[in-house]
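**Student:** Pasting a structure here, questions to come.
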Amino acid sequence: MDIQWLSHSAFRIQAEGKTVLIDPFFTGNPASPPDAENPGHIDYILLTHGHGDHIGDTVKIAKETGAQVVCIYEIAQWLGGQGYENCIGMNIGGTVQADGLSFTMTHAIHSSGYVSEDGVVYMGICAGFVIKGEGKSVYHAGDTDVFSDMALIQKLHEPKIGLLPIGGHFTMDARGAALACNELLDLEVVVPMHYKTFPVLTDSAEEFKKLVKRGRVEALQPGETLSV
Ligand code: NI
Ligand code: MN
């Protein structure tokens with residue numbers, strides 16, 4: 001399984017011969033790697049929630065690639081209104097089976113609204129995902145604070161790879177994410193995300209690394225790929 005970090009919360013995962021794009025925020029993202037908004041063949045797009053830095057370029061990329069979008073029910077409805085119908089609307093706790101992969105939507109503590117010209121559009125609630133394929137289990141936490149039920153996610157889905165926000169202000173900071181690693185999750189590899197994209201996301205991978213006692217921190221550069 002190949003896990004490519006595309007900056008912020010965006011990842012491209014390749015497994016079981018399929019390509020999955022998560023939270024494709026490239027336009028207006030100062031940390032985005034070159035040409036990320038033209039990702040080539042994509043089979044699935046997973047969306048954790050409705051904020052602009054996660055929905056990002058979804059409508060454009062979905063229409064260009066025909067990828068199936070997997071997201072919470074309300075975002076699937078909204079995408080229908082944007083003229084894109086190839087969506088699977090689901091909710092927390094549910095699992096979608098897809099060509100040998102599976103996507104389970106998990107709890108996250110955050111908000112989810114899309115800022116449009118007409119005001120803030122309700123987009124359901126925020127979520128994370130557990131992605132399984134090739135015998136691997138990957139937990140993308142979405143935007144969230146640390147919460148003790150991360151231990152239930154670990155128990156149910158046994159992720160060995162975690163993609164965790166660490167930047168603070170809109171999500172848990174390095175200290176909160178390290179507590180998740182040290183006390184609630186049991187990850188072998190953890191990739192920090194959602195930090196330093198904007199000045200307000202202050203915490204760094206170095207600070208996070210110092211605090212993590214359980215699991216190996218892999219701080220990727222935007223565009224870099226981790227093979228697991
Ligand atoms: Ni958010
Ligand atoms: Mn965010």
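Here's how to read the names in the structure tokens: chain A, B, ... by the order shown, residue numbers from 1 in each chain, ligand numbers from 1 in the order shown.
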Can you pull out every residue with an atom within 12 Å of ligand 2? Use only C-alpha atoms and all ligand atoms and format it as a PyMOL selection string.

**Tutor:** chain A and resi 7-10+23-25+29+47-56+109-114+126-128+141-145+164-172+193-198+200-201

**Student:** Need to verify the contact set: A:Thr65, 10 Å, only C-alpha atoms, exclusion of same-chain residues closer than 5 positions in sequence. Can you return it as a ChimeraX atom specification?

**Tutor:** /A:38-44,60

**Student:** Next, write the just-selected residues to a file, as a JSON list (two decimals), in the first residue's frame, keeping all heavy atoms as the atom set.

**Tutor:**
```json
[["chain", "number", "residue", "atom", "x", "y", "z"],
["A", 38, "ASN", "N", -4.44, 18.11, -10.63],
["A", 38, "ASN", "CA", -4.65, 17.23, -11.79],
["A", 38, "ASN", "C", -4.11, 15.83, -11.44],
["A", 38, "ASN", "O", -3.04, 15.45, -11.87],
["A", 38, "ASN", "CB", -3.92, 17.78, -13.02],
["A", 38, "ASN", "CG", -4.47, 19.14, -13.42],
["A", 38, "ASN", "OD1", -5.68, 19.28, -13.62],
["A", 38, "ASN", "ND2", -3.61, 20.13, -13.49],
["A", 39, "PRO", "N", -4.86, 15.07, -10.63],
["A", 39, "PRO", "CA", -4.30, 13.85, -10.04],
["A", 39, "PRO", "C", -4.31, 12.63, -10.95],
["A", 39, "PRO", "O", -3.86, 11.56, -10.54],
["A", 39, "PRO", "CB", -5.21, 13.63, -8.83],
["A", 39, "PRO", "CG", -6.52, 14.18, -9.26],
["A", 39, "PRO", "CD", -6.23, 15.34, -10.16],
["A", 40, "GLY", "N", -4.83, 12.74, -12.17],
["A", 40, "GLY", "CA", -4.89, 11.55, -13.03],
["A", 40, "GLY", "C", -6.03, 10.65, -12.61],
["A", 40, "GLY", "O", -7.05, 11.12, -12.11],
["A", 41, "HIS", "N", -5.85, 9.34, -12.78],
["A", 41, "HIS", "CA", -6.94, 8.40, -12.52],
["A", 41, "HIS", "C", -7.22, 8.28, -11.01],
["A", 41, "HIS", "O", -6.32, 8.00, -10.23],
["A", 41, "HIS", "CB", -6.59, 7.03, -13.09],
["A", 41, "HIS", "CG", -7.67, 6.03, -12.87],
["A", 41, "HIS", "ND1", -8.76, 5.92, -13.71],
["A", 41, "HIS", "CD2", -7.89, 5.15, -11.86],
["A", 41, "HIS", "CE1", -9.58, 4.99, -13.24],
["A", 41, "HIS", "NE2", -9.08, 4.51, -12.12],
["A", 42, "ILE", "N", -8.46, 8.48, -10.64],
["A", 42, "ILE", "CA", -8.88, 8.33, -9.24],
["A", 42, "ILE", "C", -10.15, 7.47, -9.22],
["A", 42, "ILE", "O", -11.09, 7.73, -9.98],
["A", 42, "ILE", "CB", -9.20, 9.71, -8.60],
["A", 42, "ILE", "CG1", -7.99, 10.64, -8.63],
["A", 42, "ILE", "CG2", -9.72, 9.54, -7.16],
["A", 42, "ILE", "CD1", -6.84, 10.25, -7.75],
["A", 43, "ASP", "N", -10.18, 6.47, -8.35],
["A", 43, "ASP", "CA", -11.37, 5.62, -8.25],
["A", 43, "ASP", "C", -12.36, 6.12, -7.20],
["A", 43, "ASP", "O", -13.56, 6.07, -7.40],
["A", 43, "ASP", "CB", -10.95, 4.19, -7.91],
["A", 43, "ASP", "CG", -10.11, 3.58, -9.02],
["A", 43, "ASP", "OD1", -10.68, 3.30, -10.08],
["A", 43, "ASP", "OD2", -8.89, 3.42, -8.83],
["A", 44, "TYR", "N", -11.81, 6.56, -6.06],
["A", 44, "TYR", "CA", -12.67, 7.01, -4.96],
["A", 44, "TYR", "C", -12.13, 8.29, -4.36],
["A", 44, "TYR", "O", -10.91, 8.47, -4.25],
["A", 44, "TYR", "CB", -12.73, 5.95, -3.84],
["A", 44, "TYR", "CG", -13.32, 4.65, -4.31],
["A", 44, "TYR", "CD1", -12.49, 3.58, -4.67],
["A", 44, "TYR", "CD2", -14.69, 4.47, -4.41],
["A", 44, "TYR", "CE1", -13.02, 2.38, -5.13],
["A", 44, "TYR", "CE2", -15.23, 3.28, -4.87],
["A", 44, "TYR", "CZ", -14.39, 2.24, -5.22],
["A", 44, "TYR", "OH", -14.93, 1.06, -5.67],
["A", 60, "LYS", "N", -14.56, 19.64, -9.00],
["A", 60, "LYS", "CA", -13.80, 19.65, -10.26],
["A", 60, "LYS", "C", -13.15, 18.29, -10.53],
["A", 60, "LYS", "O", -13.29, 17.73, -11.62],
["A", 60, "LYS", "CB", -12.73, 20.75, -10.18],
["A", 60, "LYS", "CG", -11.73, 20.77, -11.33],
["A", 60, "LYS", "CD", -10.60, 21.78, -11.03],
["A", 60, "LYS", "CE", -9.35, 21.53, -11.81],
["A", 60, "LYS", "NZ", -8.52, 20.43, -11.40]]
```

**Student:** Which residue gives the smallest distance to ligand 1 among A:Leu79, A:Ser102, A:Val115, A:Ile92, with only C-alpha atoms and all ligand atoms counted?

**Tutor:** A:Val115

**Student:** Taking into account only C-alpha atoms, which residue in the set A:Ala180, A:Ile61, A:Ala36, A:Ala174 is nearest to A:Thr202?

**Tutor:** A:Ala174

**Student:** Kindly give the distance, in Å, that separates atom CA of A:Ser148 and atom CA of A:Leu185, rounded to a single decimal.

**Tutor:** 9.5 Å

**Student:** Report the residues of stretch 63-110 of chain A whose backbone DSSP state falls under strand (DSSP E), written as a list of chain:residue names.

**Tutor:** A:Gln68, A:Val69, A:Val70, A:Cys71, A:Ile72, A:Cys87, A:Ile88, A:Gly89, A:Met90, A:Thr95, A:Val96, A:Gln97, A:Ala98, A:Leu101, A:Ser102, A:Phe103, A:Thr104, A:Met105, A:Thr106, A:His107

**Student:** Identify which of the residues A:Glu37, A:Val228, A:Thr58, A:Ala108 lies closest to ligand 1, counting only C-alpha atoms and all ligand atoms when measuring atom-to-atom distances.

**Tutor:**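 The closest residue to ligand 1 is A:Ala108.
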
**Student:** Tell me which protein, DNA and RNA residues are within 12 Å of stretch 84-89 of chain A, counting only C-alpha atoms, leaving out same-chain ones fewer than 4 positions away, and put them as a PDB file with N, CA and C atoms, in the first residue's frame.

**Tutor:**
```
ATOM      1  N   ASP A  43     -10.180   6.474  -8.347  1.00  0.00           N
ATOM      2  CA  ASP A  43     -11.373   5.625  -8.250  1.00  0.00           C
ATOM      3  C   ASP A  43     -12.356   6.117  -7.197  1.00  0.00           C
ATOM      4  N   TYR A  44     -11.810   6.562  -6.063  1.00  0.00           N
ATOM      5  CA  TYR A  44     -12.671   7.010  -4.959  1.00  0.00           C
ATOM      6  C   TYR A  44     -12.127   8.293  -4.358  1.00  0.00           C
ATOM      7  N   ILE A  45     -13.038   9.177  -3.963  1.00  0.00           N
ATOM      8  CA  ILE A  45     -12.675  10.361  -3.182  1.00  0.00           C
ATOM      9  C   ILE A  45     -13.394  10.256  -1.837  1.00  0.00           C
ATOM     10  N   LEU A  46     -12.641  10.271  -0.752  1.00  0.00           N
ATOM     11  CA  LEU A  46     -13.237  10.253   0.585  1.00  0.00           C
ATOM     12  C   LEU A  46     -13.195  11.666   1.163  1.00  0.00           C
ATOM     13  N   LEU A  47     -14.314  12.100   1.737  1.00  0.00           N
ATOM     14  CA  LEU A  47     -14.385  13.434   2.342  1.00  0.00           C
ATOM     15  C   LEU A  47     -14.704  13.295   3.827  1.00  0.00           C
ATOM     16  N   THR A  48     -13.866  13.904   4.672  1.00  0.00           N
ATOM     17  CA  THR A  48     -14.103  13.781   6.114  1.00  0.00           C
ATOM     18  C   THR A  48     -15.175  14.751   6.603  1.00  0.00           C
ATOM     19  N   THR A  58     -12.911  19.020  -4.817  1.00  0.00           N
ATOM     20  CA  THR A  58     -13.667  17.779  -5.041  1.00  0.00           C
ATOM     21  C   THR A  58     -14.559  17.835  -6.272  1.00  0.00           C
ATOM     22  N   VAL A  59     -15.349  18.904  -6.408  1.00  0.00           N
ATOM     23  CA  VAL A  59     -16.334  18.934  -7.507  1.00  0.00           C
ATOM     24  C   VAL A  59     -15.616  18.859  -8.853  1.00  0.00           C
ATOM     25  N   LYS A  60     -14.558  19.642  -9.003  1.00  0.00           N
ATOM     26  CA  LYS A  60     -13.802  19.654 -10.257  1.00  0.00           C
ATOM     27  C   LYS A  60     -13.152  18.295 -10.531  1.00  0.00           C
ATOM     28  N   ILE A  61     -12.462  17.746  -9.528  1.00  0.00           N
ATOM     29  CA  ILE A  61     -11.752  16.478  -9.733  1.00  0.00           C
ATOM     30  C   ILE A  61     -12.743  15.335  -9.956  1.00  0.00           C
ATOM     31  N   ALA A  62     -13.839  15.354  -9.216  1.00  0.00           N
ATOM     32  CA  ALA A  62     -14.849  14.289  -9.383  1.00  0.00           C
ATOM     33  C   ALA A  62     -15.414  14.324 -10.804  1.00  0.00           C
ATOM     34  N   LYS A  63     -15.741  15.526 -11.289  1.00  0.00           N
ATOM     35  CA  LYS A  63     -16.314  15.629 -12.643  1.00  0.00           C
ATOM     36  C   LYS A  63     -15.289  15.225 -13.703  1.00  0.00           C
ATOM     37  N   GLU A  64     -14.027  15.535 -13.468  1.00  0.00           N
ATOM     38  CA  GLU A  64     -12.990  15.191 -14.460  1.00  0.00           C
ATOM     39  C   GLU A  64     -12.652  13.704 -14.458  1.00  0.00           C
ATOM     40  N   THR A  65     -12.658  13.092 -13.270  1.00  0.00           N
ATOM     41  CA  THR A  65     -12.193  11.694 -13.174  1.00  0.00           C
ATOM     42  C   THR A  65     -13.339  10.693 -13.125  1.00  0.00           C
ATOM     43  N   GLY A  66     -14.550  11.155 -12.759  1.00  0.00           N
ATOM     44  CA  GLY A  66     -15.662  10.227 -12.570  1.00  0.00           C
ATOM     45  C   GLY A  66     -15.551   9.396 -11.311  1.00  0.00           C
ATOM     46  N   ALA A  67     -14.642   9.773 -10.416  1.00  0.00           N
ATOM     47  CA  ALA A  67     -14.448   9.029  -9.170  1.00  0.00           C
ATOM     48  C   ALA A  67     -15.736   8.997  -8.346  1.00  0.00           C
ATOM     49  N   GLN A  68     -15.917   7.893  -7.619  1.00  0.00           N
ATOM     50  CA  GLN A  68     -17.059   7.813  -6.720  1.00  0.00           C
ATOM     51  C   GLN A  68     -16.701   8.505  -5.404  1.00  0.00           C
ATOM     52  N   VAL A  69     -17.561   9.418  -4.956  1.00  0.00           N
ATOM     53  CA  VAL A  69     -17.275  10.174  -3.736  1.00  0.00           C
ATOM     54  C   VAL A  69     -17.964   9.485  -2.551  1.00  0.00           C
ATOM     55  N   VAL A  70     -17.189   9.181  -1.529  1.00  0.00           N
ATOM     56  CA  VAL A  70     -17.702   8.533  -0.321  1.00  0.00           C
ATOM     57  C   VAL A  70     -17.657   9.569   0.795  1.00  0.00           C
ATOM     58  N   CYS A  71     -18.829   9.875   1.360  1.00  0.00           N
ATOM     59  CA  CYS A  71     -18.894  10.983   2.330  1.00  0.00           C
ATOM     60  C   CYS A  71     -20.163  10.841   3.161  1.00  0.00           C
ATOM     61  N   ILE A  72     -20.311  11.732   4.120  1.00  0.00           N
ATOM     62  CA  ILE A  72     -21.521  11.698   4.946  1.00  0.00           C
ATOM     63  C   ILE A  72     -22.737  12.073   4.085  1.00  0.00           C
ATOM     64  N   TYR A  73     -23.897  11.586   4.481  1.00  0.00           N
ATOM     65  CA  TYR A  73     -25.132  11.704   3.693  1.00  0.00           C
ATOM     66  C   TYR A  73     -25.391  13.135   3.210  1.00  0.00           C
ATOM     67  N   GLU A  74     -25.236  14.112   4.104  1.00  0.00           N
ATOM     68  CA  GLU A  74     -25.579  15.493   3.756  1.00  0.00           C
ATOM     69  C   GLU A  74     -24.644  16.050   2.675  1.00  0.00           C
ATOM     70  N   ILE A  75     -23.367  15.676   2.719  1.00  0.00           N
ATOM     71  CA  ILE A  75     -22.435  16.153   1.680  1.00  0.00           C
ATOM     72  C   ILE A  75     -22.782  15.500   0.343  1.00  0.00           C
ATOM     73  N   ALA A  76     -23.206  14.238   0.381  1.00  0.00           N
ATOM     74  CA  ALA A  76     -23.623  13.574  -0.871  1.00  0.00           C
ATOM     75  C   ALA A  76     -24.804  14.322  -1.491  1.00  0.00           C
ATOM     76  N   GLN A  77     -25.722  14.770  -0.652  1.00  0.00           N
ATOM     77  CA  GLN A  77     -26.874  15.558  -1.146  1.00  0.00           C
ATOM     78  C   GLN A  77     -26.390  16.872  -1.757  1.00  0.00           C
ATOM     79  N   TRP A  78     -25.468  17.524  -1.070  1.00  0.00           N
ATOM     80  CA  TRP A  78     -24.921  18.802  -1.555  1.00  0.00           C
ATOM     81  C   TRP A  78     -24.214  18.602  -2.894  1.00  0.00           C
ATOM     82  N   LEU A  79     -23.444  17.522  -3.021  1.00  0.00           N
ATOM     83  CA  LEU A  79     -22.743  17.254  -4.289  1.00  0.00           C
ATOM     84  C   LEU A  79     -23.753  17.023  -5.414  1.00  0.00           C
ATOM     85  N   GLY A  80     -24.879  16.378  -5.089  1.00  0.00           N
ATOM     86  CA  GLY A  80     -25.950  16.217  -6.081  1.00  0.00           C
ATOM     87  C   GLY A  80     -26.410  17.570  -6.585  1.00  0.00           C
ATOM     88  N   GLY A  94     -20.729   3.252   9.741  1.00  0.00           N
ATOM     89  CA  GLY A  94     -20.995   2.454   8.551  1.00  0.00           C
ATOM     90  C   GLY A  94     -19.722   2.115   7.792  1.00  0.00           C
ATOM     91  N   THR A  95     -19.813   1.022   7.020  1.00  0.00           N
ATOM     92  CA  THR A  95     -18.690   0.583   6.187  1.00  0.00           C
ATOM     93  C   THR A  95     -19.165   0.386   4.755  1.00  0.00           C
ATOM     94  N   VAL A  96     -18.379   0.871   3.816  1.00  0.00           N
ATOM     95  CA  VAL A  96     -18.634   0.670   2.386  1.00  0.00           C
ATOM     96  C   VAL A  96     -17.557  -0.266   1.850  1.00  0.00           C
ATOM     97  N   GLN A  97     -17.975  -1.347   1.202  1.00  0.00           N
ATOM     98  CA  GLN A  97     -17.036  -2.262   0.549  1.00  0.00           C
ATOM     99  C   GLN A  97     -16.841  -1.793  -0.887  1.00  0.00           C
ATOM    100  N   ALA A  98     -15.574  -1.743  -1.328  1.00  0.00           N
ATOM    101  CA  ALA A  98     -15.312  -1.161  -2.639  1.00  0.00           C
ATOM    102  C   ALA A  98     -14.094  -1.815  -3.288  1.00  0.00           C
ATOM    103  N   PHE A 103     -14.127   1.159   3.476  1.00  0.00           N
ATOM    104  CA  PHE A 103     -14.070   2.490   4.074  1.00  0.00           C
ATOM    105  C   PHE A 103     -15.085   2.534   5.210  1.00  0.00           C
ATOM    106  N   MET A 105     -16.616   4.847   8.279  1.00  0.00           N
ATOM    107  CA  MET A 105     -16.672   6.228   8.766  1.00  0.00           C
ATOM    108  C   MET A 105     -16.658   6.215  10.289  1.00  0.00           C
ATOM    109  N   MET A 123     -23.571  20.679   6.451  1.00  0.00           N
ATOM    110  CA  MET A 123     -22.942  19.543   5.751  1.00  0.00           C
ATOM    111  C   MET A 123     -22.869  18.306   6.644  1.00  0.00           C
ATOM    112  N   GLY A 124     -23.850  18.151   7.541  1.00  0.00           N
ATOM    113  CA  GLY A 124     -23.791  17.011   8.447  1.00  0.00           C
ATOM    114  C   GLY A 124     -22.740  17.238   9.510  1.00  0.00           C
TER     115      GLY A 124
END
```

**Student:** Between A:Ala177, A:Val190, A:Val217, A:Ile125, which has the minimum distance to ligand 1 (counting only C-alpha atoms and all ligand atoms)?

**Tutor:**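 Smallest separation from ligand 1 among the options: A:Ile125.
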
**Student:** From the DSSP assignment of the backbone, select every residue of stretch 85-179 of chain A that is alpha helix (DSSP H), and format the answer as a ChimeraX atom specification.

**Tutor:** /A:150-157,174-179

**Student:** Restricting it to N, CA, C and O atoms, dump the selection as a CSV table (one decimal), in the first residue's frame.

**Tutor:**
```csv
chain,number,residue,atom,x,y,z
A,150,MET,N,-11.2,7.1,20.7
A,150,MET,CA,-10.2,6.6,19.8
A,150,MET,C,-9.8,5.2,20.1
A,150,MET,O,-9.4,4.4,19.3
A,151,ALA,N,-9.9,4.9,21.4
A,151,ALA,CA,-9.5,3.5,21.9
A,151,ALA,C,-10.5,2.5,21.3
A,151,ALA,O,-10.1,1.4,21.0
A,152,LEU,N,-11.8,2.9,21.1
A,152,LEU,CA,-12.8,2.0,20.5
A,152,LEU,C,-12.5,1.8,19.0
A,152,LEU,O,-12.6,0.7,18.5
A,153,ILE,N,-12.1,2.9,18.4
A,153,ILE,CA,-11.7,2.8,16.9
A,153,ILE,C,-10.5,1.8,16.8
A,153,ILE,O,-10.5,0.9,15.9
A,154,GLN,N,-9.5,1.9,17.7
A,154,GLN,CA,-8.4,1.0,17.7
A,154,GLN,C,-8.9,-0.5,17.9
A,154,GLN,O,-8.5,-1.4,17.2
A,155,LYS,N,-9.8,-0.7,18.9
A,155,LYS,CA,-10.2,-2.0,19.2
A,155,LYS,C,-11.0,-2.6,18.1
A,155,LYS,O,-10.8,-3.8,17.7
A,156,LEU,N,-11.9,-1.8,17.5
A,156,LEU,CA,-12.7,-2.3,16.4
A,156,LEU,C,-12.0,-2.6,15.1
A,156,LEU,O,-12.2,-3.6,14.4
A,157,HIS,N,-11.1,-1.7,14.7
A,157,HIS,CA,-10.5,-1.7,13.4
A,157,HIS,C,-9.0,-1.9,13.3
A,157,HIS,O,-8.5,-2.1,12.2
A,174,ALA,N,-0.1,19.2,18.9
A,174,ALA,CA,0.9,18.1,19.0
A,174,ALA,C,0.8,17.3,20.3
A,174,ALA,O,0.9,16.1,20.3
A,175,ARG,N,0.5,18.0,21.3
A,175,ARG,CA,0.3,17.4,22.6
A,175,ARG,C,-0.9,16.4,22.7
A,175,ARG,O,-0.8,15.3,23.2
A,176,GLY,N,-2.0,16.9,22.1
A,176,GLY,CA,-3.2,16.1,22.1
A,176,GLY,C,-3.0,14.9,21.2
A,176,GLY,O,-3.4,13.8,21.5
A,177,ALA,N,-2.4,15.1,20.0
A,177,ALA,CA,-2.2,14.0,19.1
A,177,ALA,C,-1.2,13.0,19.7
A,177,ALA,O,-1.4,11.8,19.5
A,178,ALA,N,-0.2,13.4,20.4
A,178,ALA,CA,0.7,12.5,21.0
A,178,ALA,C,0.0,11.7,22.1
A,178,ALA,O,0.3,10.5,22.3
A,179,LEU,N,-0.8,12.3,22.9
A,179,LEU,CA,-1.6,11.6,23.9
A,179,LEU,C,-2.5,10.5,23.2
A,179,LEU,O,-2.5,9.4,23.7
```
